[in-house]
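Source file: my_file.txt. Holds: compact mmCIF, C-alpha atoms.
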```txt
# COMPACT_ATOMS: atom_id res chain seq x y z
CA MET A 1147 167.28 -109.99 -35.26
CA VAL A 1148 164.59 -111.32 -37.57
CA ASN A 1149 161.32 -112.43 -36.03
CA ASN A 1150 159.27 -115.43 -37.21
CA GLU A 1151 156.67 -113.29 -39.04
CA THR A 1152 159.40 -111.66 -41.17
CA LYS A 1153 160.78 -115.10 -42.07
CA LYS A 1154 157.34 -116.27 -43.26
CA LYS A 1155 156.96 -113.21 -45.53
CA LYS A 1156 160.39 -113.81 -47.12
CA LYS A 1157 159.55 -117.47 -47.82
CA TYR A 1158 156.25 -116.40 -49.46
CA ILE A 1159 158.07 -113.84 -51.66
CA LEU A 1160 160.70 -116.39 -52.71
CA ARG A 1161 158.09 -118.99 -53.61
CA SER A 1162 156.09 -116.45 -55.61
CA GLY A 1163 159.21 -115.33 -57.46
CA MET A 1164 160.13 -118.92 -58.31
CA ALA A 1165 156.63 -119.48 -59.66
CA VAL A 1166 156.97 -116.46 -61.93
CA VAL A 1167 160.42 -117.60 -63.18
CA LEU A 1168 159.18 -121.12 -63.83
CA ALA A 1169 156.20 -119.80 -65.73
CA ALA A 1170 158.44 -117.57 -67.82
CA GLY A 1171 160.65 -120.48 -68.69
CA ILE A 1172 157.87 -122.61 -70.08
CA GLY A 1173 157.21 -122.36 -73.85
CA LEU A 1174 154.01 -120.52 -74.75
CA SER A 1175 152.91 -123.44 -76.89
CA THR A 1176 152.47 -125.56 -73.80
CA ILE A 1177 150.10 -123.12 -72.02
CA PRO A 1178 146.41 -124.13 -72.46
CA SER A 1179 144.35 -121.47 -74.26
CA ALA A 1180 141.63 -119.73 -72.25
CA VAL A 1181 138.29 -121.64 -72.22
CA SER A 1182 135.01 -119.56 -72.45
CA ALA A 1183 131.70 -120.90 -71.19
CA GLU A 1184 128.96 -120.89 -73.86
CA GLN A 1185 126.66 -117.92 -73.36
CA SER A 1186 122.87 -118.10 -73.65
CA ILE A 1187 121.13 -115.73 -76.05
CA VAL A 1188 118.56 -114.80 -73.39
CA SER A 1189 118.47 -115.51 -69.67
CA VAL A 1190 115.44 -114.34 -67.71
CA HIS A 1191 113.93 -115.36 -64.41
CA ASN A 1192 110.22 -115.56 -63.66
CA TRP A 1193 109.09 -115.17 -60.08
CA SER A 1194 107.00 -118.09 -58.82
CA GLN A 1195 104.72 -118.56 -55.86
CA PRO A 1196 106.30 -119.95 -52.69
CA GLN A 1197 105.34 -123.54 -52.07
CA LEU A 1198 102.03 -123.69 -50.23
CA LYS A 1199 102.27 -125.49 -46.92
CA ALA A 1200 99.19 -127.05 -45.33
CA PRO A 1201 98.45 -130.36 -43.58
CA ILE A 1202 98.23 -133.24 -46.07
CA VAL A 1203 94.98 -135.21 -45.77
CA LYS A 1204 94.92 -138.82 -46.93
CA PRO A 1205 91.89 -140.05 -48.89
CA ALA A 1206 89.29 -142.17 -47.12
CA TRP A 1207 88.77 -144.07 -50.39
CA THR A 1208 89.32 -143.95 -54.13
CA LEU A 1209 87.21 -145.35 -56.94
CA LYS A 1210 88.38 -146.05 -60.46
CA VAL A 1211 85.89 -144.57 -62.93
CA ASP A 1212 85.49 -144.54 -66.69
CA SER A 1213 87.40 -141.87 -68.57
CA ASP A 1214 87.58 -143.21 -72.14
CA ASN A 1215 85.07 -140.70 -73.49
CA GLY A 1216 87.42 -137.74 -73.23
CA TRP A 1217 88.39 -136.31 -69.84
CA ASP A 1218 86.40 -133.11 -70.20
CA LYS A 1219 83.00 -134.69 -70.85
CA SER A 1220 83.46 -137.60 -68.47
CA LEU A 1221 84.68 -135.41 -65.62
CA HIS A 1222 82.00 -132.77 -65.93
CA GLY A 1223 78.99 -135.04 -66.26
CA GLN A 1224 79.86 -138.42 -64.88
CA ALA A 1225 79.57 -138.04 -61.09
CA LYS A 1226 77.07 -136.58 -58.66
CA ALA A 1227 76.91 -136.64 -54.86
CA GLU A 1228 73.64 -136.42 -52.94
CA ASP A 1229 72.08 -137.76 -49.74
CA GLY A 1230 75.28 -139.45 -48.54
CA LYS A 1231 75.87 -141.26 -51.82
CA VAL A 1232 78.11 -140.81 -54.84
CA PHE A 1233 76.88 -141.80 -58.31
CA ALA A 1234 79.39 -142.38 -61.09
CA PHE A 1235 80.19 -144.50 -64.16
CA ALA A 1236 82.62 -147.38 -63.65
CA GLY A 1237 83.18 -150.44 -65.82
CA GLY A 1238 80.53 -149.21 -68.25
CA LYS A 1239 77.88 -149.19 -65.52
CA LEU A 1240 76.29 -146.55 -63.34
CA VAL A 1241 77.27 -147.29 -59.74
CA ALA A 1242 76.35 -145.85 -56.36
CA VAL A 1243 78.79 -145.87 -53.46
CA ASP A 1244 78.63 -144.74 -49.86
CA ALA A 1245 80.19 -141.26 -49.69
CA ALA A 1246 81.90 -141.96 -46.34
CA SER A 1247 83.41 -145.38 -47.05
CA GLY A 1248 83.36 -145.80 -50.84
CA LYS A 1249 81.46 -149.07 -50.39
CA LYS A 1250 79.50 -150.09 -53.48
CA LEU A 1251 75.72 -149.98 -52.95
CA TRP A 1252 74.25 -150.84 -56.37
CA SER A 1253 74.94 -150.77 -60.12
CA TYR A 1254 72.86 -150.30 -63.26
CA GLY A 1255 73.50 -151.03 -66.94
CA ASN A 1256 74.58 -153.90 -69.13
CA GLY A 1257 78.13 -152.70 -69.69
CA ASN A 1258 79.11 -149.77 -71.92
CA ASN A 1259 75.53 -149.02 -72.98
CA LEU A 1260 75.24 -145.80 -70.95
CA MET A 1261 76.36 -142.27 -71.69
CA PRO A 1262 78.52 -140.80 -68.87
CA ASN A 1263 75.96 -138.08 -68.29
CA MET A 1264 73.20 -137.96 -65.66
CA ARG A 1265 71.48 -135.77 -63.10
CA TYR A 1266 70.17 -136.32 -59.57
CA TYR A 1267 66.73 -134.81 -58.95
CA ASN A 1268 64.23 -135.38 -56.13
CA GLY A 1269 65.52 -138.83 -55.22
CA ALA A 1270 65.93 -140.02 -58.81
CA ILE A 1271 68.80 -140.40 -61.26
CA ILE A 1272 67.95 -139.23 -64.79
CA GLY A 1273 70.35 -140.51 -67.43
CA LEU A 1274 70.85 -141.51 -71.08
CA THR A 1275 71.81 -144.62 -73.00
CA LYS A 1276 74.28 -144.40 -75.85
CA GLU A 1277 71.48 -144.74 -78.37
CA GLY A 1278 69.80 -141.68 -76.86
CA LYS A 1279 67.08 -143.19 -74.67
CA ALA A 1280 66.36 -141.47 -71.36
CA TYR A 1281 65.92 -143.45 -68.15
CA SER A 1282 65.05 -142.83 -64.51
CA LEU A 1283 66.31 -144.79 -61.49
CA ASN A 1284 65.40 -144.82 -57.83
CA ALA A 1285 68.56 -143.30 -56.29
CA LYS A 1286 68.27 -145.38 -53.12
CA ASN A 1287 68.33 -148.84 -54.69
CA GLY A 1288 69.13 -148.32 -58.37
CA LYS A 1289 65.86 -149.84 -59.61
CA GLN A 1290 64.69 -148.60 -62.99
CA GLN A 1291 61.55 -146.47 -62.80
CA TRP A 1292 61.17 -146.00 -66.56
CA ILE A 1293 63.06 -145.88 -69.85
CA SER A 1294 61.86 -144.01 -72.91
CA SER A 1295 60.73 -145.98 -75.95
CA THR A 1296 62.24 -143.35 -78.25
CA ALA A 1297 65.93 -142.63 -78.79
CA TYR A 1298 66.67 -138.92 -78.98
CA GLY A 1299 70.14 -139.05 -80.54
CA VAL A 1300 72.93 -136.90 -79.16
CA VAL A 1301 71.89 -135.12 -75.96
CA ASP A 1302 74.32 -132.59 -74.52
CA SER A 1303 72.70 -132.26 -71.10
CA ILE A 1304 69.63 -133.02 -69.03
CA VAL A 1305 67.83 -130.27 -67.12
CA PRO A 1306 65.11 -131.45 -64.70
CA ILE A 1307 62.75 -128.68 -63.58
CA GLY A 1308 59.38 -129.12 -61.90
CA ASP A 1309 57.63 -132.16 -63.39
CA LYS A 1310 59.69 -132.32 -66.60
CA ALA A 1311 63.11 -133.39 -67.83
CA TYR A 1312 64.40 -131.18 -70.65
CA LEU A 1313 66.90 -132.81 -73.01
CA MET A 1314 69.27 -130.33 -74.65
CA GLN A 1315 69.76 -131.69 -78.19
CA SER A 1316 72.39 -130.39 -80.61
CA SER A 1317 72.67 -126.63 -80.77
CA SER A 1318 69.08 -125.75 -81.52
CA LYS A 1319 66.65 -128.38 -80.17
CA MET A 1320 65.30 -129.44 -76.82
CA THR A 1321 62.82 -132.16 -75.91
CA ALA A 1322 60.58 -132.27 -72.84
CA LEU A 1323 59.69 -135.55 -71.10
CA GLU A 1324 57.34 -136.18 -68.21
CA LEU A 1325 59.54 -136.90 -65.20
CA GLY A 1326 57.17 -139.38 -63.59
CA SER A 1327 56.84 -141.65 -66.61
CA GLY A 1328 59.34 -140.63 -69.32
CA LYS A 1329 56.42 -139.82 -71.63
CA TYR A 1330 57.34 -137.66 -74.62
CA LEU A 1331 55.72 -134.22 -74.46
CA TRP A 1332 57.21 -131.99 -77.16
CA THR A 1333 60.30 -130.85 -79.09
CA ALA A 1334 61.16 -127.17 -79.56
CA GLU A 1335 63.70 -125.61 -81.91
CA GLU A 1336 65.38 -122.33 -82.75
CA PRO A 1337 66.17 -122.82 -86.47
CA ASN A 1338 68.73 -119.99 -86.71
CA SER A 1339 70.80 -121.17 -83.77
CA THR A 1340 74.47 -122.12 -84.00
CA GLY A 1341 74.68 -122.94 -80.29
CA GLY A 1342 72.30 -123.24 -77.36
CA SER A 1343 72.86 -122.85 -73.62
CA ASP A 1344 72.62 -125.79 -71.23
CA SER A 1345 70.60 -123.76 -68.75
CA LEU A 1346 66.89 -122.98 -68.71
CA MET A 1347 64.45 -120.85 -66.79
CA VAL A 1348 60.76 -121.72 -66.44
CA ALA A 1349 58.26 -119.08 -65.31
CA ASP A 1350 54.54 -118.48 -65.85
CA GLY A 1351 54.26 -121.51 -68.12
CA VAL A 1352 57.11 -120.35 -70.39
CA VAL A 1353 60.47 -122.08 -70.93
CA ILE A 1354 63.26 -119.56 -71.56
CA ARG A 1355 66.52 -120.58 -73.24
CA SER A 1356 69.32 -118.58 -74.86
CA PHE A 1357 70.95 -119.27 -78.23
CA ILE A 1358 73.73 -117.88 -80.39
CA VAL A 1359 72.07 -116.71 -83.58
CA GLN A 1360 74.11 -116.00 -86.69
CA GLY A 1361 73.21 -113.31 -89.18
CA ALA A 1362 74.75 -110.05 -90.38
CA LEU A 1363 75.79 -109.78 -86.74
CA SER A 1364 76.07 -112.87 -84.53
CA SER A 1365 74.75 -112.36 -81.03
CA VAL A 1366 72.84 -113.97 -78.19
CA GLN A 1367 69.06 -114.39 -78.40
CA ILE A 1368 66.50 -115.47 -75.82
CA ASP A 1369 63.42 -117.42 -76.83
CA GLY A 1370 60.24 -118.20 -74.93
CA PHE A 1371 58.47 -121.56 -75.53
CA ASP A 1372 55.10 -122.73 -74.27
CA ASP A 1373 55.80 -125.28 -71.54
CA LYS A 1374 52.75 -127.35 -72.50
CA THR A 1375 53.28 -127.61 -76.26
CA GLY A 1376 56.84 -126.47 -76.98
CA LYS A 1377 55.53 -123.83 -79.38
CA LYS A 1378 57.83 -120.83 -79.75
CA LEU A 1379 56.03 -117.80 -78.34
CA TRP A 1380 58.62 -115.10 -78.87
CA GLY A 1381 62.29 -114.35 -79.47
CA HIS A 1382 64.49 -111.33 -78.77
CA PHE A 1383 67.82 -110.85 -80.54
CA ARG A 1384 70.77 -109.34 -78.63
CA GLN A 1385 69.19 -110.12 -75.26
CA ASN A 1386 70.78 -112.18 -72.49
CA MET A 1387 69.17 -114.63 -70.08
CA PRO A 1388 67.04 -112.73 -67.53
CA LEU A 1389 68.61 -111.08 -64.51
CA LEU A 1390 65.26 -111.43 -62.79
CA ILE A 1391 61.72 -112.66 -63.40
CA LYS A 1392 59.13 -111.10 -61.12
CA ASP A 1393 55.40 -110.33 -61.29
CA GLY A 1394 55.07 -111.60 -64.85
CA LEU A 1395 57.98 -109.49 -66.14
CA LEU A 1396 61.51 -110.46 -67.07
CA TYR A 1397 64.53 -108.15 -66.97
CA SER A 1398 67.18 -108.86 -69.60
CA VAL A 1399 70.49 -107.06 -70.29
CA ASN A 1400 70.93 -105.98 -73.90
CA ASP A 1401 74.11 -107.15 -75.66
CA PRO A 1402 76.06 -103.86 -76.03
CA TYR A 1403 78.64 -104.95 -78.61
CA PRO A 1404 79.92 -103.73 -80.92
CA PHE A 1405 80.22 -100.10 -79.88
CA ALA A 1406 82.12 -97.16 -81.35
CA ASP A 1407 85.62 -96.76 -79.97
CA ASP A 1408 85.64 -92.99 -80.52
CA THR A 1409 83.09 -92.10 -77.85
CA ALA A 1410 83.38 -92.20 -74.07
CA ASP A 1411 79.63 -92.55 -73.63
CA ARG A 1412 78.67 -96.00 -72.38
CA SER A 1413 75.53 -97.58 -70.99
CA VAL A 1414 73.96 -100.84 -69.87
CA LYS A 1415 70.40 -101.23 -71.09
CA ILE A 1416 67.93 -103.61 -69.44
CA SER A 1417 64.79 -104.50 -71.38
CA ILE A 1418 61.62 -105.25 -69.45
CA MET A 1419 59.36 -107.82 -71.16
CA ASN A 1420 56.13 -109.68 -70.54
CA VAL A 1421 57.12 -113.30 -69.86
CA LYS A 1422 54.14 -114.84 -71.68
CA THR A 1423 54.02 -112.63 -74.77
CA GLY A 1424 57.55 -111.26 -75.01
CA ALA A 1425 56.13 -107.75 -75.42
CA VAL A 1426 58.60 -105.05 -74.38
CA LYS A 1427 57.11 -103.03 -71.54
CA GLY A 1428 59.97 -100.68 -70.79
CA GLU A 1429 63.70 -100.15 -70.51
CA ARG A 1430 66.21 -99.19 -67.85
CA VAL A 1431 69.39 -97.36 -68.79
CA TYR A 1432 72.49 -97.02 -66.60
CA SER A 1433 74.94 -94.59 -68.22
CA TRP A 1434 78.49 -93.33 -67.59
CA LYS A 1435 81.51 -91.82 -69.35
CA LEU A 1436 84.88 -93.50 -69.68
CA PRO A 1437 87.88 -91.39 -68.63
CA GLY A 1438 90.79 -90.61 -70.94
CA GLU A 1439 91.00 -90.07 -74.67
CA PRO A 1440 89.85 -92.16 -77.67
CA PRO A 1441 90.19 -94.77 -78.94
CA TYR A 1442 88.40 -96.62 -76.15
CA THR A 1443 88.96 -100.37 -76.24
CA GLN A 1444 86.32 -102.94 -75.45
CA SER A 1445 88.72 -104.81 -73.18
CA SER A 1446 89.53 -101.96 -70.79
CA GLY A 1447 88.49 -102.94 -67.28
CA ILE A 1448 86.85 -106.06 -65.89
CA ASN A 1449 85.51 -108.55 -68.41
CA GLY A 1450 81.86 -108.41 -67.41
CA ASN A 1451 78.61 -106.54 -67.93
CA ALA A 1452 76.12 -106.45 -65.06
CA PHE A 1453 74.62 -108.79 -62.48
CA LEU A 1454 71.98 -108.65 -59.77
CA ASP A 1455 72.39 -109.66 -56.12
CA GLY A 1456 69.10 -109.16 -54.30
CA ASP A 1457 68.22 -105.49 -54.84
CA ASP A 1458 71.81 -104.55 -55.67
CA LEU A 1459 72.68 -104.17 -59.36
CA TYR A 1460 76.41 -104.15 -60.10
CA VAL A 1461 77.46 -102.59 -63.42
CA PHE A 1462 81.02 -102.85 -64.75
CA GLN A 1463 82.11 -99.44 -66.05
CA GLY A 1464 85.68 -99.83 -67.29
CA MET A 1465 87.91 -99.73 -64.21
CA VAL A 1466 84.97 -98.86 -61.95
CA ILE A 1467 82.25 -101.10 -60.53
CA ALA A 1468 79.06 -99.17 -59.78
CA LYS A 1469 76.31 -100.38 -57.44
CA TYR A 1470 72.71 -99.24 -58.04
CA ASP A 1471 69.50 -99.73 -56.07
CA PHE A 1472 67.61 -101.97 -58.50
CA ALA A 1473 64.33 -101.78 -56.57
CA ASN A 1474 64.22 -97.99 -56.84
CA TYR A 1475 65.21 -97.14 -60.39
CA LYS A 1476 65.40 -93.52 -61.51
CA LEU A 1477 66.72 -92.47 -64.90
CA GLY A 1478 70.07 -90.73 -64.50
CA ALA A 1479 70.36 -91.59 -60.81
CA ALA A 1480 73.91 -91.79 -59.47
CA PRO A 1481 75.28 -95.10 -58.18
CA VAL A 1482 74.78 -95.90 -54.51
CA LYS A 1483 78.44 -96.80 -54.29
CA LYS A 1484 81.51 -97.12 -56.53
CA TYR A 1485 84.50 -99.44 -56.30
CA ASN A 1486 87.83 -99.40 -58.06
CA ALA A 1487 87.97 -102.69 -59.94
CA PRO A 1488 90.64 -105.17 -58.76
CA TYR A 1489 93.77 -105.14 -60.86
CA GLY A 1490 94.52 -107.94 -63.31
CA ASP A 1491 93.11 -109.86 -66.25
CA LEU A 1492 89.87 -110.73 -64.51
CA VAL A 1493 86.46 -111.99 -65.51
CA SER A 1494 83.47 -111.46 -63.25
CA LEU A 1495 81.80 -114.62 -61.93
CA GLY A 1496 78.61 -112.66 -61.27
CA ARG A 1497 78.44 -113.82 -57.67
CA ILE A 1498 78.84 -112.39 -54.19
CA HIS A 1499 79.69 -114.72 -51.34
CA GLN A 1500 80.22 -113.80 -47.70
CA GLY A 1501 80.68 -110.13 -48.52
CA ARG A 1502 83.11 -110.71 -51.38
CA MET A 1503 82.51 -110.11 -55.08
CA LEU A 1504 84.15 -112.96 -56.98
CA PHE A 1505 86.39 -112.86 -60.04
CA GLN A 1506 88.72 -115.27 -61.80
CA ASN A 1507 92.09 -114.44 -63.30
CA TYR A 1508 91.94 -115.99 -66.76
CA ASN A 1509 95.75 -116.23 -67.01
CA ASN A 1510 96.43 -118.43 -63.99
CA GLY A 1511 92.89 -119.47 -62.97
CA ASN A 1512 93.16 -118.03 -59.45
CA LEU A 1513 90.08 -116.79 -57.62
CA ILE A 1514 90.04 -113.13 -56.57
CA GLY A 1515 87.62 -111.52 -54.15
CA MET A 1516 86.75 -107.87 -53.56
CA LYS A 1517 85.47 -106.95 -50.10
CA LEU A 1518 82.24 -105.01 -50.42
CA GLU A 1519 82.88 -103.11 -47.20
CA ASN A 1520 86.02 -101.36 -48.45
CA GLY A 1521 86.83 -102.55 -52.00
CA GLN A 1522 89.99 -104.35 -50.86
CA ALA A 1523 91.10 -107.23 -53.08
CA VAL A 1524 91.83 -110.61 -51.50
CA GLY A 1525 93.06 -113.86 -53.01
CA TRP A 1526 93.23 -117.56 -52.33
CA ALA A 1527 96.29 -118.36 -54.42
CA GLY A 1528 98.03 -121.71 -54.44
CA ASP A 1529 101.47 -122.29 -55.91
CA ASN A 1530 100.57 -123.56 -59.40
CA PRO A 1531 97.95 -122.84 -62.09
CA VAL A 1532 94.40 -123.69 -61.02
CA ASN A 1533 92.19 -126.04 -63.07
CA GLN A 1534 89.04 -126.25 -60.90
CA ILE A 1535 87.47 -124.02 -58.22
CA ASP A 1536 84.43 -124.79 -56.05
CA ILE A 1537 83.00 -123.01 -53.01
CA TYR A 1538 80.95 -124.70 -50.30
CA GLY A 1539 79.97 -122.52 -47.34
CA SER A 1540 83.06 -121.01 -45.77
CA THR A 1541 85.56 -123.09 -47.76
CA ILE A 1542 87.09 -122.71 -51.21
CA TYR A 1543 88.42 -125.85 -52.91
CA THR A 1544 90.95 -125.63 -55.75
CA GLY A 1545 92.52 -128.31 -57.94
CA GLN A 1546 95.95 -127.43 -59.35
CA SER A 1547 97.68 -128.63 -62.51
CA ASP A 1548 100.61 -130.00 -60.46
CA GLY A 1549 98.34 -132.62 -58.86
CA MET A 1550 97.75 -130.80 -55.57
CA PHE A 1551 94.27 -130.02 -54.28
CA HIS A 1552 93.86 -127.30 -51.64
CA ALA A 1553 91.17 -126.06 -49.25
CA PHE A 1554 91.11 -122.37 -48.18
CA ASP A 1555 89.06 -120.45 -45.63
CA VAL A 1556 86.94 -117.81 -47.38
CA GLN A 1557 87.36 -115.14 -44.69
CA SER A 1558 90.98 -115.55 -43.62
CA THR A 1559 92.28 -116.94 -47.01
CA LYS A 1560 94.33 -119.40 -44.93
CA ALA A 1561 95.12 -122.79 -46.48
CA LEU A 1562 93.35 -125.45 -44.38
CA PHE A 1563 94.53 -128.73 -45.90
CA SER A 1564 95.88 -130.28 -49.08
CA VAL A 1565 95.44 -133.58 -50.93
CA LYS A 1566 97.82 -135.24 -53.38
CA THR A 1567 95.76 -136.29 -56.42
CA ASP A 1568 98.40 -137.04 -59.10
CA THR A 1569 96.27 -135.46 -61.83
CA ARG A 1570 96.28 -132.31 -63.98
CA ASN A 1571 92.56 -132.07 -64.70
CA TYR A 1572 89.49 -132.08 -62.47
CA GLY A 1573 85.74 -132.09 -62.69
CA PRO A 1574 83.52 -130.16 -60.27
CA THR A 1575 84.29 -130.94 -56.65
CA LEU A 1576 81.33 -132.66 -54.97
CA LYS A 1577 80.14 -132.57 -51.36
CA THR A 1578 77.51 -134.45 -49.41
CA GLY A 1579 77.30 -134.23 -45.63
CA GLY A 1580 80.77 -134.34 -44.15
CA ASN A 1581 82.32 -135.89 -47.24
CA LEU A 1582 84.17 -134.21 -50.10
CA ILE A 1583 84.64 -135.99 -53.42
CA ILE A 1584 87.41 -134.88 -55.80
CA GLN A 1585 86.80 -135.72 -59.45
CA ALA A 1586 90.20 -136.53 -60.94
CA GLU A 1587 91.08 -138.12 -64.27
CA GLY A 1588 90.09 -141.78 -64.07
CA LYS A 1589 89.18 -141.78 -60.39
CA LEU A 1590 87.13 -140.30 -57.58
CA ILE A 1591 88.83 -139.44 -54.30
CA GLY A 1592 86.77 -139.45 -51.12
CA ILE A 1593 87.85 -137.14 -48.27
CA LYS A 1594 86.41 -137.08 -44.77
CA LEU A 1595 86.20 -133.40 -43.92
CA PRO A 1596 87.40 -132.04 -40.58
CA ALA A 1597 84.48 -131.48 -38.20
CA ALA A 1598 84.76 -127.69 -38.51
CA LEU A 1599 84.12 -127.83 -42.28
CA LYS A 1600 81.14 -130.19 -42.36
```

Reformat the file's structure so that it appears as structure tokens.
Amino acid sequence: MVNNETKKKKKYILRSGMAVVLAAGIGLSTIPSAVSAEQSIVSVHNWSQPQLKAPIVKPAWTLKVDSDNGWDKSLHGQAKAEDGKVFAFAGGKLVAVDAASGKKLWSYGNGNNLMPNMRYYNGAIIGLTKEGKAYSLNAKNGKQQWISSTAYGVVDSIVPIGDKAYLMQSSSKMTALELGSGKYLWTAEEPNSTGGSDSLMVADGVVIRSFIVQGALSSVQIDGFDDKTGKKLWGHFRQNMPLLIKDGLLYSVNDPYPFADDTADRSVKISIMNVKTGAVKGERVYSWKLPGEPPYTQSSGINGNAFLDGDDLYVFQGMVIAKYDFANYKLGAAPVKKYNAPYGDLVSLGRIHQGRMLFQNYNNGNLIGMKLENGQAVGWAGDNPVNQIDIYGSTIYTGQSDGMFHAFDVQSTKALFSVKTDTRNYGPTLKTGGNLIIQAEGKLIGIKLPAALK
């Protein structure tokens, strides 16, 4: 007696056999040839960051601003935020808006006659016309306080310090104006310069600025100019801007490059100079030996040199960061503490914030921190390359190339909120009171910050 399961197996065998017979009876010419999928030459996968998830905050307001002068220049110089107001260039005019609502308060200019470059200083806006004249406005009402009678040509930046506005002209010149009246005071120049910094230091009646000077060996140079006349008092080749100016002395790190790649001996040298005369009064040397065998490359370790934080001097020694007591220097003294440098292609930002030494990864733009208590590396990574980073208090703000803008907590590294900006490029993020202003291409975006972040 055959059960049902045996019958099913027989039927399956018969059907399979018929299929084989039928296939054998068909001419080979009628069987389709095998089809091969086209193969790629190379197929690789690159790991990407998981999508960052944080609450999306909607803008309180947006303002269309001028961006026809090149995104980089217009974004980095065209907006400032102070005293509850935002100042920017829109429609060829300088406008002020309320930082909370975006409501227009006043405007200045005759339409396209202003350079998108200005500074806020002590309740005034200092700016430039396209022909190179400097002007000053009352920041509260936009009323003109003065405009210079002389046009100074192309001015890269304006640096107000004390009672003067310093105009950085071309790569070698700077002009000083009296802030209260716009009166011309003097013009100073470094004739051998191929590029000048946009930053200045003023101490003991001397204006200090750094330049790139070209010769048999191109390097940085610092010059001292009399703040009353603009006369050059002194210059020191292969010296960086001062780490510190105190008691009539300035401390400047010597440019160490180039150095021989066949020796492990390395050092950071700090020259001590009289601010007024430039006379060298002494030198500090912090030395170490690189591990391993020659040749020793210049790029091994963190891209940095040395920086000062209070009385703590941090010196980058290959893959080690050494901390010295700057206030109690002794030749040959060992570091107070050593850290293993964070891993990656990093450049030092020369800053410490809330117990973290800050670096930037120059491949993806991400910010990296090293905890001073234990040397542990921490990060505030988003999910796309970063274009702009700013830190205010306990919050880090980053603008990504995919159009997302994120806020992170410094201590926990947690993402706090995100904003959709629809832009790839950003200028410096601005903040006044409880309001954050994102500088995007062609627009400003006003954000009302959560109460905890104000």

Give me, as a list in words, all polymer residues having an atom no more than 8 Å from stretch 1289-1301 of chain A, counting all atoms listed in the file and skipping those fewer than 4 positions away in the same chain.
Tyr1254, Glu1277, Gly1278, Lys1279, Ala1280, Tyr1281, Ser1282, Leu1283, Asn1284, Ala1285, Leu1313, Met1314, Gln1315, Ser1316, Ser1327, Gly1328, Lys1329 and Tyr1330 of chain A

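Residues within 8 Å of A:Ser1339, counting all atoms listed in the file and excluding same-chain residues fewer than 6 positions away, are Ser1317, Ser1318, Phe1357, Ile1358, Val1359 and Gln1360 of chain A.
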
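Take atom CA of A:Lys1250 and atom CA of A:Leu1595: the distance between them is 20.4 Å.
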
To one decimal in Å, tell me the separation between atom CA of A:Gly1428 and atom CA of A:Val1399.
12.3 Å

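Atom pair atom CA of A:Leu1240 / atom CA of A:Leu1582: separated by 19.7 Å.
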
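Taking only C-alpha atoms, the non-local environment of A:Ile1498 within 12 Å (same-chain residues fewer than 3 positions away omitted) comprises Phe1453, Leu1454, Asp1455, Gly1456, Asp1458, Leu1459, Tyr1460, Ser1494, Leu1495, Gly1501, Arg1502, Met1503, Leu1504, Phe1505, Ile1514, Gly1515, Met1516, Lys1517, Leu1518, Ile1537 and Val1556 of chain A.
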